[in-house]
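Some notes on the structure that comes next.
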Amino acid sequence: MKTDDLIAALASDTLPRQTVTQRLWRALPIAIGVSVAGFVVLRGVRPDLTQAIASAAVLKTLLPLIAAILAAGIALALVHPDQRPTGRMLGLGGFGAILALVFVSMSGAAGGETLLSALFVPSLFTCLATIPMLAVPILAATLWALSAGAPLQPTRAGAVAGLAVGGLAAAIYSFYCDQDAVLFYLPAYGLAILLVAGLGALAGRRFLRW
Amino acid sequence: MRAANLGDAAAYRQLLREIAPLLRSVVRARGAALGPETCEDVLQEVLLAVHLKRQSWREDAPLRPWLYAIARHKVVDAFRARGQRIDVSIDDFAETLPAAPGEDPTIARDMEKVLGALDPRAAEIVRAFGQHGETTAETAIRLQMSEGAVRVALHRALRTIAKLRERMME
């Protein structure tokens with residue numbers, strides 16, 4: 001086939017294409033609805049939610065949400081090949097580094113035993129299982145939307161999308177979780193979110209290629 | 001491109017025609033050693049990618065950086081894949097072979113293979129638009145389909161072609 005013939009065929013294909021943002025608006029509300037419904041049925045909100053939100057424990061919801069918003073902006077830029085989100089990536093990296101520093105200094109001050117007893121509670125496994133579970137429908141919708149874009153690095157785009165979705169899932173989960181110790185939620189939520197990011201990287205390598 | 005995204009086929013065709021030589025020189029600069037036919041194969045892949053990913057260009061941004069980013073990605077991909085295939089360059093035999101009798105240098109080979117692998121009706125539709133220059137209405141009457149169905153079939157066929165080409169290279 002001649003190149004000019006191919007061009008003629010391409011130009012004849014005038015079906016409107018949806019942008020990534022349009023797809024996100026279509027798919028995300030449904031996916032988040034599914035996750036929240038699953039969350040309400042399987043876990044439910046903690047009984048003392050109003051008091052918890054008024055206390056420092058609200059950070060359990062806010063910190064993952066901030067990470068999610070930062071990562072979502074980067075993921076969107078990564079599927080638009082003419083954008084370079086270097087500055088925003090540094091921002092997200094800085095945010096993660098600050099949280100890691102806080103965790104290290106706090107666990108250092110508290111001592112190893114306090115950390116172990118705060119972290120290794122039965123809730124740890126609930127947390128590590130529930131957050132990725134809540135994330136799966138949202139991740140699927142997000143990757144579907146992102147596949148309308150053109151990521152130059154599919155694995156990286158998938159990983160950052162996973163970070164965003166993991167953050168959102170952690171924020172939802174925080175309404176159930178009654179472990180308010182910083183030494184619990186920083187490492188436990190962090191690990192759960194990184195699990196989702198890993199999942200996103202694997203899925204991205206497979207589904208975001210073009 | 002803005003007009004193209006609004007469905008203006010003529011403007012879009014004009015645009016693709018204008019960027020094709022530009023992209024061809026990008027491809028040839030990168031893969032001169034692979035011969036003009038392979039370069040044309042790669043160029044067609046780049047054009048397919050431009051077409052299928054055109055909504056990832058934001059209308060308020062300049063077109064050129066986007067275009068080059070798409071082209072670079074596809075060209076690197078294509079040459080990496082072709083590097084793995086054992087491709088004996090025809091140049092080695094150039095002195096013993098008679099010159100090809102005036103072959104059109106813009107004919108690419110891979111597309112024929114892919115069209116052969118496509119279901120016959122889909123391939124027919126792509127050829128109808130590409131080689132015979134039919135309009136949607138003409139194709140619809142000839143194949144007894146609705147115009148909407150022809151549009152959808154063409155779109156699906158182009159997407160399948162892009163996927164098949166990717167698989168072909170693995």
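Simple scheme: letters A, B, ... for chains in structure tokens order, numbers from 1 for residues in each chain, numbers from 1 for ligands in the order shown.
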For chain B against chain A, which residues fall within 8 Å using only C-alpha atoms, given as a short mmCIF file (atom, residue, chain, number, x, y, z; two decimals) with all heavy atoms, in the first residue's frame?
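Heads up, here's the output in result15.cif:
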```
data_model
loop_
_atom_site.label_atom_id
_atom_site.label_comp_id
_atom_site.auth_asym_id
_atom_site.auth_seq_id
_atom_site.Cartn_x
_atom_site.Cartn_y
_atom_site.Cartn_z
N ALA B 4 -9.28 18.75 11.90
CA ALA B 4 -9.35 17.30 11.82
C ALA B 4 -10.08 16.73 13.01
O ALA B 4 -10.92 15.84 12.89
CB ALA B 4 -7.94 16.71 11.74
N ASN B 5 -9.78 17.26 14.20
CA ASN B 5 -10.44 16.75 15.39
C ASN B 5 -11.93 17.06 15.38
O ASN B 5 -12.71 16.44 16.09
CB ASN B 5 -9.78 17.33 16.65
CG ASN B 5 -8.54 16.55 17.03
OD1 ASN B 5 -8.30 15.47 16.49
ND2 ASN B 5 -7.75 17.08 17.93
N LEU B 6 -12.32 18.06 14.57
CA LEU B 6 -13.75 18.35 14.44
C LEU B 6 -14.39 17.54 13.32
O LEU B 6 -15.56 17.70 13.02
CB LEU B 6 -13.96 19.86 14.18
CG LEU B 6 -13.65 20.76 15.37
CD1 LEU B 6 -13.70 22.22 14.95
CD2 LEU B 6 -14.64 20.50 16.50
N GLY B 7 -13.58 16.71 12.66
CA GLY B 7 -14.14 15.82 11.65
C GLY B 7 -14.02 16.33 10.23
O GLY B 7 -14.68 15.83 9.33
N ASP B 8 -13.18 17.34 9.97
CA ASP B 8 -12.98 17.85 8.62
C ASP B 8 -11.96 16.98 7.89
O ASP B 8 -10.75 17.16 8.04
CB ASP B 8 -12.51 19.31 8.69
CG ASP B 8 -12.32 19.93 7.31
OD1 ASP B 8 -12.27 19.17 6.32
OD2 ASP B 8 -12.23 21.16 7.22
N ALA B 9 -12.45 16.03 7.11
CA ALA B 9 -11.57 15.04 6.49
C ALA B 9 -10.60 15.67 5.49
O ALA B 9 -9.44 15.28 5.42
CB ALA B 9 -12.39 13.95 5.81
N ALA B 10 -11.07 16.66 4.75
CA ALA B 10 -10.22 17.26 3.72
C ALA B 10 -9.04 17.99 4.36
O ALA B 10 -7.89 17.84 3.94
CB ALA B 10 -11.03 18.22 2.86
N TYR B 12 -7.81 17.42 7.25
CA TYR B 12 -6.98 16.42 7.90
C TYR B 12 -6.05 15.75 6.88
O TYR B 12 -4.86 15.55 7.13
CB TYR B 12 -7.89 15.39 8.58
CG TYR B 12 -7.17 14.37 9.40
CD1 TYR B 12 -6.06 14.71 10.17
CD2 TYR B 12 -7.60 13.05 9.44
CE1 TYR B 12 -5.41 13.78 10.93
CE2 TYR B 12 -6.97 12.11 10.20
CZ TYR B 12 -5.87 12.47 10.94
OH TYR B 12 -5.23 11.53 11.70
N ARG B 13 -6.63 15.43 5.71
CA ARG B 13 -5.83 14.79 4.67
C ARG B 13 -4.69 15.70 4.24
O ARG B 13 -3.55 15.28 4.06
CB ARG B 13 -6.74 14.47 3.49
CG ARG B 13 -6.02 13.67 2.44
CD ARG B 13 -6.98 13.13 1.42
NE ARG B 13 -6.24 12.35 0.46
CZ ARG B 13 -6.81 11.71 -0.53
NH1 ARG B 13 -8.12 11.74 -0.68
NH2 ARG B 13 -6.08 11.01 -1.38
N LEU B 16 -2.00 15.61 6.89
CA LEU B 16 -1.20 14.38 6.85
C LEU B 16 -0.24 14.41 5.66
O LEU B 16 0.91 13.98 5.77
CB LEU B 16 -2.11 13.15 6.77
CG LEU B 16 -2.91 12.82 8.05
CD1 LEU B 16 -3.84 11.65 7.81
CD2 LEU B 16 -1.96 12.50 9.20
N ARG B 17 -0.73 14.94 4.55
CA ARG B 17 0.14 15.04 3.37
C ARG B 17 1.31 15.96 3.62
O ARG B 17 2.41 15.74 3.12
CB ARG B 17 -0.66 15.56 2.19
CG ARG B 17 -1.45 14.46 1.53
CD ARG B 17 -1.81 14.90 0.13
NE ARG B 17 -2.48 13.82 -0.58
CZ ARG B 17 -3.56 14.00 -1.33
NH1 ARG B 17 -4.08 15.21 -1.45
NH2 ARG B 17 -4.09 12.99 -1.96
N GLU B 40 9.86 3.33 4.66
CA GLU B 40 8.48 3.66 4.32
C GLU B 40 7.52 2.88 5.23
O GLU B 40 6.49 3.40 5.65
CB GLU B 40 8.22 3.34 2.84
CG GLU B 40 7.11 4.15 2.21
CD GLU B 40 7.39 5.65 2.17
OE1 GLU B 40 8.56 6.07 2.29
OE2 GLU B 40 6.41 6.41 2.03
N GLN B 44 4.82 4.64 7.72
CA GLN B 44 3.39 4.33 7.78
C GLN B 44 2.97 4.01 9.21
O GLN B 44 1.86 4.35 9.63
CB GLN B 44 3.07 3.16 6.84
CG GLN B 44 3.29 3.55 5.39
CD GLN B 44 2.67 2.58 4.39
OE1 GLN B 44 2.13 1.55 4.77
NE2 GLN B 44 2.74 2.92 3.12
N LEU B 47 2.57 7.32 10.94
CA LEU B 47 1.33 7.99 10.54
C LEU B 47 0.12 7.35 11.23
O LEU B 47 -0.79 8.05 11.68
CB LEU B 47 1.16 7.92 9.02
CG LEU B 47 2.08 8.87 8.23
CD1 LEU B 47 2.02 8.57 6.74
CD2 LEU B 47 1.68 10.32 8.48
N LEU B 48 0.13 6.03 11.32
CA LEU B 48 -0.95 5.34 12.04
C LEU B 48 -1.01 5.81 13.49
O LEU B 48 -2.09 6.06 14.03
CB LEU B 48 -0.71 3.82 12.02
CG LEU B 48 -1.47 3.01 10.98
CD1 LEU B 48 -0.94 1.58 10.97
CD2 LEU B 48 -2.96 2.99 11.27
N ALA B 49 0.17 5.92 14.12
CA ALA B 49 0.22 6.35 15.52
C ALA B 49 -0.29 7.77 15.66
O ALA B 49 -1.07 8.08 16.56
CB ALA B 49 1.64 6.21 16.06
N HIS B 51 -2.38 9.20 13.80
CA HIS B 51 -3.83 9.16 13.62
C HIS B 51 -4.54 8.65 14.87
O HIS B 51 -5.49 9.27 15.36
CB HIS B 51 -4.16 8.26 12.42
CG HIS B 51 -5.63 8.09 12.21
ND1 HIS B 51 -6.44 9.13 11.86
CD2 HIS B 51 -6.44 7.02 12.34
CE1 HIS B 51 -7.70 8.70 11.75
NE2 HIS B 51 -7.72 7.42 12.05
N LYS B 53 -3.52 8.42 17.91
CA LYS B 53 -3.25 9.12 19.17
C LYS B 53 -3.52 10.62 19.05
O LYS B 53 -3.08 11.39 19.90
CB LYS B 53 -1.79 8.88 19.60
CG LYS B 53 -1.51 7.43 19.98
CD LYS B 53 -2.35 7.03 21.17
CE LYS B 53 -2.12 5.59 21.59
NZ LYS B 53 -3.08 5.16 22.61
N GLN B 55 -5.84 12.54 19.60
CA GLN B 55 -6.55 13.26 20.67
C GLN B 55 -5.65 13.49 21.89
O GLN B 55 -6.06 14.14 22.83
CB GLN B 55 -7.83 12.54 21.06
CG GLN B 55 -7.66 11.30 21.91
CD GLN B 55 -7.13 10.12 21.10
OE1 GLN B 55 -6.82 10.25 19.94
NE2 GLN B 55 -7.00 8.97 21.73
N SER B 56 -4.42 12.96 21.87
CA SER B 56 -3.53 13.25 23.01
C SER B 56 -2.76 14.55 22.78
O SER B 56 -1.96 14.95 23.61
CB SER B 56 -2.55 12.09 23.25
OG SER B 56 -1.58 12.03 22.24
N TRP B 57 -3.03 15.19 21.65
CA TRP B 57 -2.51 16.56 21.44
C TRP B 57 -3.55 17.53 21.96
O TRP B 57 -4.73 17.43 21.63
CB TRP B 57 -2.26 16.81 19.95
CG TRP B 57 -1.95 18.23 19.64
CD1 TRP B 57 -0.84 18.92 20.01
CD2 TRP B 57 -2.78 19.15 18.92
NE1 TRP B 57 -0.93 20.21 19.55
CE2 TRP B 57 -2.11 20.39 18.90
CE3 TRP B 57 -4.04 19.05 18.30
CZ2 TRP B 57 -2.64 21.52 18.28
CZ3 TRP B 57 -4.56 20.17 17.69
CH2 TRP B 57 -3.87 21.38 17.67
N PRO B 65 5.97 19.96 18.66
CA PRO B 65 6.60 19.14 19.70
C PRO B 65 5.86 17.81 19.91
O PRO B 65 6.48 16.77 20.08
CB PRO B 65 6.49 20.00 20.97
CG PRO B 65 6.27 21.38 20.49
CD PRO B 65 5.58 21.28 19.17
N TRP B 66 4.56 17.87 19.84
CA TRP B 66 3.76 16.66 20.00
C TRP B 66 4.07 15.67 18.88
O TRP B 66 4.33 14.49 19.11
CB TRP B 66 2.27 17.02 19.99
CG TRP B 66 1.37 15.84 20.07
CD1 TRP B 66 0.96 15.17 21.20
CD2 TRP B 66 0.75 15.16 18.96
NE1 TRP B 66 0.15 14.13 20.85
CE2 TRP B 66 0.00 14.10 19.50
CE3 TRP B 66 0.78 15.35 17.58
CZ2 TRP B 66 -0.72 13.22 18.69
CZ3 TRP B 66 0.05 14.47 16.78
CH2 TRP B 66 -0.69 13.42 17.34
N ALA B 69 7.45 14.13 19.26
CA ALA B 69 7.48 13.15 20.37
C ALA B 69 6.87 11.83 19.93
O ALA B 69 7.42 10.75 20.19
CB ALA B 69 6.74 13.71 21.59
N ILE B 70 5.74 11.89 19.25
CA ILE B 70 5.09 10.68 18.75
C ILE B 70 6.02 9.97 17.76
O ILE B 70 6.24 8.75 17.85
CB ILE B 70 3.77 11.03 18.02
CG1 ILE B 70 2.75 11.63 19.01
CG2 ILE B 70 3.20 9.82 17.30
CD1 ILE B 70 1.87 10.66 19.69
N HIS B 73 9.13 8.33 19.39
CA HIS B 73 8.76 7.11 20.12
C HIS B 73 8.56 5.94 19.16
O HIS B 73 9.08 4.85 19.36
CB HIS B 73 7.47 7.38 20.89
CG HIS B 73 6.98 6.21 21.68
ND1 HIS B 73 7.57 5.82 22.86
CD2 HIS B 73 5.96 5.35 21.46
CE1 HIS B 73 6.93 4.76 23.32
NE2 HIS B 73 5.95 4.47 22.49
N THR B 106 7.36 4.89 -2.53
CA THR B 106 6.48 5.08 -1.38
C THR B 106 5.60 3.85 -1.13
O THR B 106 4.70 3.88 -0.32
CB THR B 106 5.58 6.33 -1.54
OG1 THR B 106 4.65 6.07 -2.60
CG2 THR B 106 6.39 7.56 -1.83
N ILE B 107 5.85 2.78 -1.89
CA ILE B 107 5.10 1.55 -1.59
C ILE B 107 5.80 0.82 -0.45
O ILE B 107 7.01 0.59 -0.49
CB ILE B 107 5.04 0.63 -2.83
CG1 ILE B 107 4.24 1.32 -3.94
CG2 ILE B 107 4.42 -0.70 -2.47
CD1 ILE B 107 4.11 0.50 -5.19
N ALA B 108 5.07 0.49 0.58
CA ALA B 108 5.67 -0.23 1.70
C ALA B 108 5.15 -1.66 1.69
O ALA B 108 4.05 -1.94 1.20
CB ALA B 108 5.31 0.46 3.01
N ARG B 109 5.94 -2.57 2.23
CA ARG B 109 5.58 -3.99 2.15
C ARG B 109 4.71 -4.45 3.30
O ARG B 109 3.78 -5.21 3.13
CB ARG B 109 6.83 -4.86 2.11
CG ARG B 109 7.73 -4.61 0.94
CD ARG B 109 9.13 -5.07 1.24
NE ARG B 109 9.71 -4.33 2.35
CZ ARG B 109 10.90 -4.58 2.86
NH1 ARG B 109 11.63 -5.56 2.39
NH2 ARG B 109 11.37 -3.85 3.85
N MET B 111 2.44 -3.26 5.09
CA MET B 111 1.02 -3.00 5.10
C MET B 111 0.24 -4.06 4.33
O MET B 111 -0.85 -4.45 4.72
CB MET B 111 0.77 -1.61 4.51
CG MET B 111 -0.61 -1.08 4.78
SD MET B 111 -0.99 -1.15 6.53
CE MET B 111 -1.07 0.56 6.88
N GLU B 112 0.84 -4.56 3.23
CA GLU B 112 0.16 -5.60 2.46
C GLU B 112 0.00 -6.87 3.29
O GLU B 112 -1.05 -7.49 3.30
CB GLU B 112 0.95 -5.91 1.18
CG GLU B 112 0.87 -4.80 0.14
CD GLU B 112 -0.58 -4.46 -0.25
OE1 GLU B 112 -1.42 -5.36 -0.30
OE2 GLU B 112 -0.84 -3.26 -0.48
N VAL B 126 -10.61 -0.67 3.99
CA VAL B 126 -9.41 0.17 4.01
C VAL B 126 -8.93 0.46 2.59
O VAL B 126 -8.59 1.59 2.24
CB VAL B 126 -8.29 -0.51 4.83
CG1 VAL B 126 -7.01 0.30 4.74
CG2 VAL B 126 -8.72 -0.66 6.28
N ARG B 127 -8.94 -0.55 1.75
CA ARG B 127 -8.53 -0.35 0.35
C ARG B 127 -9.49 0.59 -0.38
O ARG B 127 -9.07 1.41 -1.19
CB ARG B 127 -8.51 -1.69 -0.39
CG ARG B 127 -7.32 -2.54 -0.05
CD ARG B 127 -7.35 -3.79 -0.94
NE ARG B 127 -6.62 -4.89 -0.33
CZ ARG B 127 -5.31 -4.98 -0.32
NH1 ARG B 127 -4.59 -4.02 -0.87
NH2 ARG B 127 -4.71 -5.99 0.25
N PHE B 129 -11.14 3.08 0.70
CA PHE B 129 -10.85 4.48 0.99
C PHE B 129 -9.46 4.86 0.51
O PHE B 129 -9.25 5.95 -0.02
CB PHE B 129 -10.95 4.74 2.50
CG PHE B 129 -12.37 4.84 2.96
CD1 PHE B 129 -12.94 3.82 3.71
CD2 PHE B 129 -13.12 5.95 2.64
CE1 PHE B 129 -14.24 3.92 4.14
CE2 PHE B 129 -14.43 6.05 3.07
CZ PHE B 129 -15.00 5.04 3.82
N GLY B 130 -8.51 3.95 0.73
CA GLY B 130 -7.12 4.29 0.45
C GLY B 130 -6.81 4.29 -1.03
O GLY B 130 -6.39 5.31 -1.58
N GLN B 131 -7.05 3.14 -1.67
CA GLN B 131 -6.57 3.01 -3.05
C GLN B 131 -7.60 3.44 -4.08
O GLN B 131 -7.26 3.92 -5.14
CB GLN B 131 -6.13 1.56 -3.30
CG GLN B 131 -4.76 1.32 -2.70
CD GLN B 131 -4.52 -0.14 -2.37
OE1 GLN B 131 -5.45 -0.90 -2.13
NE2 GLN B 131 -3.27 -0.53 -2.35
N GLY B 133 -10.16 5.55 -3.38
CA GLY B 133 -10.65 6.90 -3.12
C GLY B 133 -12.16 7.01 -3.04
O GLY B 133 -12.75 8.01 -3.43
N THR B 135 -15.92 7.34 -1.35
CA THR B 135 -16.48 8.05 -0.21
C THR B 135 -17.24 7.06 0.65
O THR B 135 -17.50 5.93 0.23
CB THR B 135 -17.46 9.15 -0.66
OG1 THR B 135 -18.57 8.49 -1.30
CG2 THR B 135 -16.81 10.11 -1.63
N THR B 136 -17.57 7.50 1.85
CA THR B 136 -18.30 6.62 2.76
C THR B 136 -19.59 6.12 2.10
O THR B 136 -19.92 4.94 2.17
CB THR B 136 -18.66 7.37 4.05
OG1 THR B 136 -17.50 8.06 4.49
CG2 THR B 136 -19.12 6.42 5.12
N ARG B 151 -18.20 3.64 8.72
CA ARG B 151 -17.29 4.48 9.51
C ARG B 151 -16.69 3.70 10.66
O ARG B 151 -15.49 3.74 10.89
CB ARG B 151 -18.06 5.68 10.08
CG ARG B 151 -18.18 6.77 9.06
CD ARG B 151 -18.47 8.09 9.69
NE ARG B 151 -18.90 8.98 8.63
CZ ARG B 151 -20.16 9.23 8.33
NH1 ARG B 151 -21.12 8.72 9.07
NH2 ARG B 151 -20.47 10.00 7.33
N VAL B 152 -17.56 2.99 11.39
CA VAL B 152 -17.07 2.22 12.54
C VAL B 152 -16.12 1.13 12.07
O VAL B 152 -15.06 0.91 12.67
CB VAL B 152 -18.26 1.60 13.32
CG1 VAL B 152 -17.75 0.65 14.38
CG2 VAL B 152 -19.10 2.71 13.94
N LEU B 154 -14.21 1.07 9.41
CA LEU B 154 -12.93 1.64 9.01
C LEU B 154 -12.08 1.96 10.24
O LEU B 154 -10.90 1.61 10.31
CB LEU B 154 -13.15 2.92 8.19
CG LEU B 154 -11.86 3.70 7.86
CD1 LEU B 154 -10.95 2.89 6.95
CD2 LEU B 154 -12.17 5.05 7.23
N HIS B 155 -12.74 2.57 11.21
CA HIS B 155 -12.01 2.93 12.43
C HIS B 155 -11.44 1.69 13.12
O HIS B 155 -10.28 1.64 13.50
CB HIS B 155 -12.95 3.68 13.37
CG HIS B 155 -12.32 4.03 14.67
ND1 HIS B 155 -11.32 4.97 14.76
CD2 HIS B 155 -12.50 3.54 15.91
CE1 HIS B 155 -10.93 5.05 16.01
NE2 HIS B 155 -11.63 4.19 16.74
N LEU B 158 -8.46 0.21 11.22
CA LEU B 158 -7.21 0.94 11.41
C LEU B 158 -6.59 0.62 12.77
O LEU B 158 -5.38 0.47 12.90
CB LEU B 158 -7.44 2.44 11.27
CG LEU B 158 -7.84 2.90 9.86
CD1 LEU B 158 -8.18 4.38 9.86
CD2 LEU B 158 -6.72 2.59 8.87
N LYS B 163 -2.46 -2.68 15.85
CA LYS B 163 -2.16 -3.77 16.80
C LYS B 163 -1.41 -4.90 16.11
O LYS B 163 -0.45 -5.44 16.65
CB LYS B 163 -3.47 -4.30 17.38
CG LYS B 163 -3.72 -3.77 18.78
CD LYS B 163 -4.96 -4.38 19.36
CE LYS B 163 -5.67 -3.35 20.20
NZ LYS B 163 -7.12 -3.43 20.11
N GLU B 166 2.18 -4.16 15.52
CA GLU B 166 2.95 -4.26 16.74
C GLU B 166 3.30 -5.72 17.02
O GLU B 166 4.42 -6.07 17.32
CB GLU B 166 2.13 -3.70 17.90
CG GLU B 166 2.91 -3.60 19.17
CD GLU B 166 2.85 -2.18 19.71
OE1 GLU B 166 3.02 -1.24 18.94
OE2 GLU B 166 2.61 -2.06 20.89
#
```
For each of A:Arg88, A:Ser35, A:Pro187, A:Phe125, take the minimum atom-to-atom distance to Leu101 in chain A, counting only C-alpha atoms, then give the residue where this is smallest. A:Pro187
Using only C-alpha atoms, which protein or nucleic acid residues come within 8 Å of Ala171 in chain A? Drop anything in the same chain fewer than 5 positions from it, and give the result as a VMD selection string. chain A and resid 60 to 62 64 to 65
Let me see the file: selected residues, N, CA and C atoms, as a CSV table (one decimal), in the first residue's frame.
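The result, stored in out-v2.csv:
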```csv
chain,number,residue,atom,x,y,z
A,60,LYS,N,-4.8,10.9,58.2
A,60,LYS,CA,-4.8,9.6,57.6
A,60,LYS,C,-5.6,9.7,56.3
A,61,THR,N,-6.6,10.6,56.2
A,61,THR,CA,-7.3,10.8,55.0
A,61,THR,C,-6.6,11.8,54.1
A,62,LEU,N,-6.1,12.9,54.7
A,62,LEU,CA,-5.6,14.0,53.9
A,62,LEU,C,-4.3,13.7,53.2
A,64,PRO,N,-2.9,10.8,52.2
A,64,PRO,CA,-3.0,10.0,50.9
A,64,PRO,C,-3.7,10.8,49.8
A,65,LEU,N,-4.7,11.6,50.2
A,65,LEU,CA,-5.4,12.4,49.2
A,65,LEU,C,-4.4,13.4,48.5
```
Quick one: residues within 10 Å of Arg205 in chain A, only C-alpha atoms, excluding same-chain residues fewer than 2 positions away - as a CSV table (one decimal) with all heavy atoms, in the first residue's frame?
```
chain,number,residue,atom,x,y,z
A,153,GLN,N,6.5,6.4,28.3
A,153,GLN,CA,7.0,5.3,29.1
A,153,GLN,C,5.8,4.6,29.8
A,153,GLN,O,5.4,5.1,30.9
A,153,GLN,CB,8.0,5.9,30.2
A,153,GLN,CG,9.2,6.4,29.6
A,153,GLN,CD,9.8,7.5,30.4
A,153,GLN,OE1,9.1,8.5,30.8
A,153,GLN,NE2,11.1,7.5,30.7
A,154,PRO,N,5.3,3.6,29.2
A,154,PRO,CA,4.0,3.0,29.7
A,154,PRO,C,4.1,2.5,31.2
A,154,PRO,O,3.2,2.7,32.0
A,154,PRO,CB,3.8,1.8,28.8
A,154,PRO,CG,4.5,2.1,27.6
A,154,PRO,CD,5.7,2.9,28.0
A,155,THR,N,5.3,1.9,31.5
A,155,THR,CA,5.4,1.3,32.8
A,155,THR,C,5.4,2.4,33.9
A,155,THR,O,4.7,2.4,34.9
A,155,THR,CB,6.8,0.6,33.0
A,155,THR,OG1,6.9,-0.3,31.9
A,155,THR,CG2,6.8,-0.2,34.3
A,156,ARG,N,6.1,3.5,33.6
A,156,ARG,CA,6.2,4.6,34.5
A,156,ARG,C,4.8,5.3,34.7
A,156,ARG,O,4.3,5.6,35.8
A,156,ARG,CB,7.2,5.7,34.1
A,156,ARG,CG,7.3,6.8,35.0
A,156,ARG,CD,8.2,7.9,34.5
A,156,ARG,NE,9.6,7.5,34.6
A,156,ARG,CZ,10.6,8.3,34.4
A,156,ARG,NH1,10.4,9.6,34.1
A,156,ARG,NH2,11.9,7.9,34.5
A,157,ALA,N,4.1,5.5,33.5
A,157,ALA,CA,2.8,6.1,33.6
A,157,ALA,C,1.8,5.2,34.4
A,157,ALA,O,1.1,5.7,35.2
A,157,ALA,CB,2.2,6.3,32.2
A,158,GLY,N,1.9,3.9,34.2
A,158,GLY,CA,1.1,3.0,35.0
A,158,GLY,C,1.4,3.1,36.5
A,158,GLY,O,0.5,3.1,37.3
A,159,ALA,N,2.7,3.2,36.8
A,159,ALA,CA,3.1,3.2,38.2
A,159,ALA,C,2.6,4.5,38.9
A,159,ALA,O,2.0,4.5,40.0
A,159,ALA,CB,4.6,3.1,38.4
A,200,GLY,N,0.0,-1.1,39.2
A,200,GLY,CA,-0.2,-0.1,38.1
A,200,GLY,C,1.0,-0.2,37.1
A,200,GLY,O,0.8,-0.2,35.9
A,201,ALA,N,2.2,-0.4,37.6
A,201,ALA,CA,3.4,-0.5,36.7
A,201,ALA,C,3.2,-1.7,35.8
A,201,ALA,O,3.4,-1.7,34.6
A,201,ALA,CB,4.6,-0.5,37.5
A,202,LEU,N,2.9,-2.9,36.4
A,202,LEU,CA,2.7,-4.1,35.7
A,202,LEU,C,1.7,-4.0,34.6
A,202,LEU,O,1.8,-4.3,33.4
A,202,LEU,CB,2.4,-5.3,36.6
A,202,LEU,CG,3.5,-5.8,37.5
A,202,LEU,CD1,3.1,-6.9,38.4
A,202,LEU,CD2,4.7,-6.3,36.6
A,203,ALA,N,0.5,-3.5,35.1
A,203,ALA,CA,-0.6,-3.3,34.1
A,203,ALA,C,-0.3,-2.3,33.0
A,203,ALA,O,-0.7,-2.5,31.9
A,203,ALA,CB,-1.9,-2.9,34.9
A,207,PHE,N,-0.9,-2.7,29.2
A,207,PHE,CA,-2.1,-2.1,28.6
A,207,PHE,C,-1.8,-0.7,28.0
A,207,PHE,O,-2.7,-0.2,27.3
A,207,PHE,CB,-3.2,-2.1,29.5
A,207,PHE,CG,-3.7,-3.5,29.9
A,207,PHE,CD1,-3.5,-3.9,31.2
A,207,PHE,CD2,-4.2,-4.3,29.0
A,207,PHE,CE1,-3.8,-5.2,31.6
A,207,PHE,CE2,-4.6,-5.6,29.4
A,207,PHE,CZ,-4.4,-6.1,30.7
A,208,LEU,N,-0.7,0.0,28.4
A,208,LEU,CA,-0.6,1.3,28.0
A,208,LEU,C,0.4,1.4,26.8
A,208,LEU,O,0.7,2.5,26.3
A,208,LEU,CB,-0.1,2.2,29.1
A,208,LEU,CG,-1.1,2.5,30.3
A,208,LEU,CD1,-0.5,3.4,31.3
A,208,LEU,CD2,-2.4,3.0,29.7
A,209,ARG,N,0.8,0.3,26.3
A,209,ARG,CA,1.7,0.3,25.1
A,209,ARG,C,0.9,0.7,23.9
A,209,ARG,O,-0.3,0.4,23.7
A,209,ARG,CB,2.4,-1.0,24.9
A,209,ARG,CG,3.4,-1.3,26.0
A,209,ARG,CD,4.1,-2.6,25.8
A,209,ARG,NE,4.5,-2.7,24.4
A,209,ARG,CZ,4.9,-3.9,23.9
A,209,ARG,NH1,4.9,-5.0,24.6
A,209,ARG,NH2,5.3,-3.9,22.6
```
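Nearest to Gln179 in chain A of all the residues A:Met89, A:Leu99, A:Ala71, A:Cys127 is A:Cys127, counting only C-alpha atoms.
Between CA of Thr142 in chain A and CA of Asp60 in chain B lies a distance of 23.9 Å.
Proximity to Val34 in chain A was assessed for A:Ala169, A:Met106, A:Ala57, A:Ala72 counting only C-alpha atoms; the smallest distance is recorded for A:Ala169.
Of the residues listed (A:Leu186, A:Leu199, A:Ala54, A:Ala27), A:Leu186 shows the shortest atom-to-atom separation from Val104 in chain A; distances use only C-alpha atoms.
Between Val40 in chain A and the residues A:Ile74, A:Leu115, A:Leu134, A:Ala145, the shortest atom-to-atom distance, using only C-alpha atoms, involves A:Leu134.
Minimum distance to Val42 in chain B across B:Glu18, B:Glu147, B:Asp110, B:Glu59 (counting only C-alpha atoms) occurs at B:Asp110.
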